[in-house]
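A quick write-up on the structure given underneath.
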There are 2 protein chains.
Amino acid sequence: MKRVKLKVAYDGTAYCGWQVQDNGETIEGVLNRELSRLLKEDIHVIGASRTDSGVHSLGNVCVFDTETRIPAEKIVYAINQRLPLDIRVIESTEVSPEFHPRHCRSVKTYEYRIWNDKFMNPTMRLYTKFCYYPIDVEKMRRAAVYLLGEHDFKSFCSVNTAVKSTVRTIYKIDIEKEGCLITIRIKGNGFLYNMVRIIAGSLLNVGMNLKKEESIKEMLEACDRQAAGPTAEACGLTMIGLQYIDGDDKAINSAQINHKNDIDTPDNVV
Amino acid sequence: MKRVKLKVAYDGTAYCGWQVQDNGETIEGVLNRELSRLLKEDIHVIGASRTDSGVHSLGNVCVFDTETRIPAEKIVYAINQRLPLDIRVIESTEVSPEFHPRHCRSVKTYEYRIWNDKFMNPTMRLYTKFCYYPIDVEKMRRAAVYLLGEHDFKSFCSVNTAVKSTVRTIYKIDIEKEGCLITIRIKGNGFLYNMVRIIAGSLLNVGMNLKKEESIKEMLEACDRQAAGPTAEACGLTMIGLQYIDGDDKAINSAQINHKNDIDTPDNVV
């Protein structure tokens, strides 16, 4: 028995998000099915970030346990033969049996991308949010500073989540503009449900001059979802990747895999 | 009666190319149908570049004649309400009744994009060609110099086309690498059927060290399609736009619109 860690990139357009559900195909569902067929075992992956419907990723992480004698680093090639082209495994490695993709400390990076032009670029429509109004990127950058550091992000979390704590730390927010493409890149130790999309919606309101820079500070202080801006569309969000602070092969938190608990843990559902 | 010029951007993934045909939806077909419904007339657009199935555009040009009293520059807003999101009209202007999108002299710009990494990025798969092998971009740049200027591009033209002359002029080829994305940007006075894709396939063979730089010169001299490289996949090609040398509103060549001739003209089918 060994634990294998996969790095997975996907175009979320055609999927009902990461997590297995009854009413449609999911990334987790496709991985479970194709890994089970490949390894001739009943495989259940555990993902680091359970991205929402329409959200993309360039480096989500998941693990699974297997009895296979295929070396872990060869699995990447075998599984890609079976996966649809909108899901690619980009790395497979063996990790410690105690390694858990959500319980181990990590820095997570997300990008929210906006296409800011008079008309949508059709080739970008599935990977950016369209915004017609002029956006003041400098003003967004100044507003973003209020979000840096450790805060209670309750205002930036969709209701109906039962997390123990809504305190998270944002290490860095970069906002870049290149032609019509505005990219908000956020690094943090964890993100609440819809947190990046609500931050993007709130910063956009500032950028469009609908709100003042200081409104972001007020939103944080309110600890109330009503105080923050709208949840920006899923298609603009891409999970870039995560970096495990203590390395992948060390057990920082020796949590046992428990599928019941796994489903109930609401953190990192973005 | 007035002649209206449209600038059109589209994601070619879901279409059987520009030109109307029996066996599937085309960009021209959708524009004809939706403009006819909007203007309550039988509208037939004439396109500048009849892109192939799967090829994209950020600024193709077409014209049509209409009796409508709607000002030309307002049509862009009305038609986008009716078009699918993978086709966007980005400009509508009135032009001289003699203006013809293919017969007026222009500089055309195309981009061929390659994703050069160990694995395909799923969010780029519809807009780039995937190439696993290491590519020597500097070598491609040196090879591309042979293509500059006026040449007989017969080797770089798909057979089964009946153009009078296969002589064209390439003004500029820029090859850029940004991360995993390699972009070949070509400007010319006109392109033969599949010419940009055959140039991309040939330059890629040089970049992958399958061919010498000088092979491009030999391919040109051979005047034989067999001598050049493969036709690179359609999805990597984007028609960026065209610039009319004498302006849009002047009749450089007062060719009358003739739908029979239009279908038979094989130039600018890319």
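Residues are referred to by chain and number: the chain letter is A, B, ... according to the order shown in the structure tokens, the number counts from 1 in that chain, and ligands are numbered separately from 1 in the order shown.
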Select, as a PyMOL selection string, those residues of chain A with any atom no more than 12 Å from chain B (distances computed using only C-alpha atoms).
chain A and resi 7-14+54-59+76-77+80-81+83-91+117-128+130+235-240
Restrict the selected residues to N, CA and C atoms and save them as a compact mmCIF listing (two decimals), in the first residue's frame.
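Saved file part_37.txt follows:
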```txt
# COMPACT_ATOMS: atom_id res chain seq x y z
N LYS A 7 -0.64 16.08 -9.10
CA LYS A 7 -0.87 17.48 -9.39
C LYS A 7 -1.77 17.48 -10.63
N VAL A 8 -2.89 18.18 -10.56
CA VAL A 8 -3.90 18.09 -11.62
C VAL A 8 -4.26 19.48 -12.16
N ALA A 9 -4.22 19.61 -13.48
CA ALA A 9 -4.66 20.83 -14.15
C ALA A 9 -5.96 20.54 -14.89
N TYR A 10 -6.89 21.49 -14.88
CA TYR A 10 -8.14 21.26 -15.61
C TYR A 10 -8.82 22.54 -16.03
N ASP A 11 -9.56 22.40 -17.09
CA ASP A 11 -10.47 23.44 -17.57
C ASP A 11 -11.82 23.08 -16.95
N GLY A 12 -12.29 23.90 -16.02
CA GLY A 12 -13.49 23.56 -15.26
C GLY A 12 -14.81 23.78 -16.00
N THR A 13 -14.73 24.32 -17.22
CA THR A 13 -15.94 24.72 -17.96
C THR A 13 -17.01 23.64 -18.01
N ALA A 14 -16.60 22.42 -18.31
CA ALA A 14 -17.58 21.36 -18.57
C ALA A 14 -17.95 20.57 -17.31
N GLY A 54 -17.12 25.37 -12.91
CA GLY A 54 -16.62 26.42 -13.82
C GLY A 54 -15.27 27.00 -13.45
N VAL A 55 -14.77 26.68 -12.24
CA VAL A 55 -13.46 27.17 -11.80
C VAL A 55 -12.37 26.26 -12.38
N HIS A 56 -11.26 26.85 -12.79
CA HIS A 56 -10.16 26.11 -13.42
C HIS A 56 -9.02 25.88 -12.44
N SER A 57 -8.10 25.01 -12.83
CA SER A 57 -6.90 24.85 -12.02
C SER A 57 -5.70 24.50 -12.89
N LEU A 58 -4.55 25.02 -12.49
CA LEU A 58 -3.31 24.63 -13.16
C LEU A 58 -2.47 23.74 -12.26
N GLY A 59 -2.93 23.50 -11.03
CA GLY A 59 -2.11 22.67 -10.15
C GLY A 59 -2.81 22.31 -8.85
N VAL A 76 1.45 9.19 -13.90
CA VAL A 76 1.10 10.38 -14.67
C VAL A 76 0.91 10.07 -16.16
N TYR A 77 1.79 9.27 -16.73
CA TYR A 77 1.72 8.98 -18.17
C TYR A 77 0.56 8.05 -18.49
N ASN A 80 -2.97 9.89 -18.04
CA ASN A 80 -3.30 10.88 -19.07
C ASN A 80 -3.80 10.25 -20.37
N GLN A 81 -3.42 8.99 -20.60
CA GLN A 81 -3.94 8.28 -21.78
C GLN A 81 -5.45 8.09 -21.69
N LEU A 83 -7.57 10.05 -19.52
CA LEU A 83 -8.34 11.24 -19.13
C LEU A 83 -8.77 12.05 -20.34
N PRO A 84 -9.89 12.77 -20.23
CA PRO A 84 -10.27 13.70 -21.31
C PRO A 84 -9.25 14.84 -21.36
N LEU A 85 -9.18 15.53 -22.51
CA LEU A 85 -8.14 16.54 -22.71
C LEU A 85 -8.30 17.77 -21.81
N ASP A 86 -9.48 17.94 -21.21
CA ASP A 86 -9.65 19.10 -20.32
C ASP A 86 -9.22 18.78 -18.89
N ILE A 87 -8.71 17.59 -18.65
CA ILE A 87 -8.09 17.24 -17.36
C ILE A 87 -6.72 16.61 -17.65
N ARG A 88 -5.68 17.17 -17.07
CA ARG A 88 -4.32 16.63 -17.23
C ARG A 88 -3.67 16.45 -15.88
N VAL A 89 -3.15 15.27 -15.63
CA VAL A 89 -2.31 15.07 -14.47
C VAL A 89 -0.91 15.50 -14.89
N ILE A 90 -0.28 16.40 -14.12
CA ILE A 90 1.02 16.93 -14.55
C ILE A 90 2.17 16.42 -13.68
N GLU A 91 1.84 15.66 -12.66
CA GLU A 91 2.90 15.10 -11.81
C GLU A 91 2.28 14.02 -10.94
N ASP A 117 -12.54 45.46 -21.59
CA ASP A 117 -12.53 46.03 -22.94
C ASP A 117 -13.98 46.36 -23.29
N LYS A 118 -14.17 47.00 -24.42
CA LYS A 118 -15.52 47.34 -24.88
C LYS A 118 -16.33 46.08 -25.18
N PHE A 119 -15.64 45.05 -25.72
CA PHE A 119 -16.32 43.80 -26.05
C PHE A 119 -15.49 42.63 -25.52
N MET A 120 -16.18 41.55 -25.22
CA MET A 120 -15.49 40.35 -24.76
C MET A 120 -14.66 39.78 -25.92
N ASN A 121 -13.48 39.30 -25.61
CA ASN A 121 -12.68 38.52 -26.55
C ASN A 121 -13.22 37.09 -26.48
N PRO A 122 -13.81 36.58 -27.58
CA PRO A 122 -14.45 35.25 -27.51
C PRO A 122 -13.50 34.14 -27.08
N THR A 123 -12.20 34.28 -27.40
CA THR A 123 -11.25 33.22 -27.04
C THR A 123 -10.85 33.29 -25.55
N MET A 124 -11.30 34.33 -24.86
CA MET A 124 -11.01 34.47 -23.43
C MET A 124 -12.26 34.30 -22.57
N ARG A 125 -13.40 34.11 -23.21
CA ARG A 125 -14.67 34.17 -22.48
C ARG A 125 -14.83 33.07 -21.42
N LEU A 126 -14.14 31.95 -21.60
CA LEU A 126 -14.29 30.85 -20.64
C LEU A 126 -13.29 30.96 -19.49
N TYR A 127 -12.35 31.90 -19.60
CA TYR A 127 -11.25 31.96 -18.62
C TYR A 127 -11.08 33.33 -17.96
N THR A 128 -12.00 34.25 -18.26
CA THR A 128 -11.95 35.58 -17.64
C THR A 128 -13.38 36.05 -17.39
N PHE A 130 -15.83 39.21 -17.87
CA PHE A 130 -15.86 40.37 -18.76
C PHE A 130 -16.31 41.61 -17.98
N CYS A 235 -15.90 31.50 -13.84
CA CYS A 235 -14.98 31.28 -14.96
C CYS A 235 -13.70 32.12 -14.86
N GLY A 236 -13.74 33.24 -14.12
CA GLY A 236 -12.56 34.09 -13.99
C GLY A 236 -11.52 33.53 -13.03
N LEU A 237 -11.91 32.51 -12.26
CA LEU A 237 -11.04 32.00 -11.19
C LEU A 237 -10.22 30.79 -11.64
N THR A 238 -8.93 30.84 -11.37
CA THR A 238 -8.04 29.69 -11.61
C THR A 238 -7.22 29.43 -10.36
N MET A 239 -7.28 28.19 -9.89
CA MET A 239 -6.44 27.78 -8.78
C MET A 239 -5.07 27.50 -9.38
N ILE A 240 -4.07 28.29 -9.02
CA ILE A 240 -2.75 28.16 -9.65
C ILE A 240 -1.97 26.99 -9.06
```
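Of the residues in region 181-210 of chain B, those that DSSP places in strand (DSSP E) on the basis of the backbone are Leu181, Ile182, Thr183, Ile184, Arg185, Ile186, Lys187 and Gly188 of chain B.
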Near Thr231 (chain A), within 6 Å and counting only C-alpha atoms, which residues show up once chain neighbours fewer than 2 positions away are dropped, as a PDB file with all heavy atoms, in the first residue's frame?
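Below you can see part-v4.pdb, which holds the result:
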```
ATOM      1  N   ARG A 197     -13.464  34.822  -4.995  1.00  0.00           N
ATOM      2  CA  ARG A 197     -14.433  35.446  -5.902  1.00  0.00           C
ATOM      3  C   ARG A 197     -15.123  36.649  -5.257  1.00  0.00           C
ATOM      4  O   ARG A 197     -15.439  37.628  -5.943  1.00  0.00           O
ATOM      5  CB  ARG A 197     -15.458  34.412  -6.360  1.00  0.00           C
ATOM      6  CG  ARG A 197     -14.832  33.374  -7.304  1.00  0.00           C
ATOM      7  CD  ARG A 197     -15.706  32.155  -7.511  1.00  0.00           C
ATOM      8  NE  ARG A 197     -17.009  32.516  -8.040  1.00  0.00           N
ATOM      9  CZ  ARG A 197     -18.034  31.655  -8.151  1.00  0.00           C
ATOM     10  NH1 ARG A 197     -17.885  30.394  -7.767  1.00  0.00           N
ATOM     11  NH2 ARG A 197     -19.180  32.041  -8.655  1.00  0.00           N
ATOM     12  N   ILE A 198     -15.341  36.606  -3.947  1.00  0.00           N
ATOM     13  CA  ILE A 198     -15.951  37.767  -3.272  1.00  0.00           C
ATOM     14  C   ILE A 198     -14.923  38.897  -3.152  1.00  0.00           C
ATOM     15  O   ILE A 198     -15.251  40.073  -3.338  1.00  0.00           O
ATOM     16  CB  ILE A 198     -16.531  37.378  -1.883  1.00  0.00           C
ATOM     17  CG1 ILE A 198     -17.604  36.290  -2.043  1.00  0.00           C
ATOM     18  CG2 ILE A 198     -17.111  38.611  -1.178  1.00  0.00           C
ATOM     19  CD1 ILE A 198     -18.058  35.643  -0.734  1.00  0.00           C
ATOM     20  N   GLY A 201     -14.849  40.444  -6.600  1.00  0.00           N
ATOM     21  CA  GLY A 201     -16.046  41.278  -6.805  1.00  0.00           C
ATOM     22  C   GLY A 201     -15.972  42.579  -6.036  1.00  0.00           C
ATOM     23  O   GLY A 201     -16.377  43.643  -6.537  1.00  0.00           O
TER      24      GLY A 201
END
```
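The smallest atom-to-atom distance between Tyr171 (chain B) and any of B:Phe156, B:Tyr146, B:Tyr112, B:Tyr133, using only C-alpha atoms, is found for B:Tyr146.
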Could you tell me, as a PyMOL selection string, which residues of region 79-260 of chain B DSSP assigns to alpha helix (DSSP H) when given the backbone?
chain B and resi 79-80+137-144+195-207+215-222+259-260
7 Å contact set for Arg185 (chain B), only C-alpha atoms, chain neighbours under 5 positions out, as a PDB file with C-alpha atoms, in the first residue's frame:
```
ATOM      1  CA  TYR B 110      -1.881  36.008 -38.195  1.00  0.00           C
ATOM      2  CA  GLU B 111      -0.585  34.349 -35.047  1.00  0.00           C
ATOM      3  CA  TYR B 112       0.294  30.708 -34.665  1.00  0.00           C
ATOM      4  CA  ILE B 173       7.754  37.352 -38.775  1.00  0.00           C
ATOM      5  CA  ASP B 174       8.171  37.706 -35.008  1.00  0.00           C
ATOM      6  CA  ILE B 175       8.667  34.647 -32.850  1.00  0.00           C
TER       7      ILE B 175
END
```
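Candidate residues A:Met140, A:Leu192, A:Leu35, A:Ile43 were compared for distance to Phe153 (chain A), and the nearest is A:Leu192, using only C-alpha atoms.
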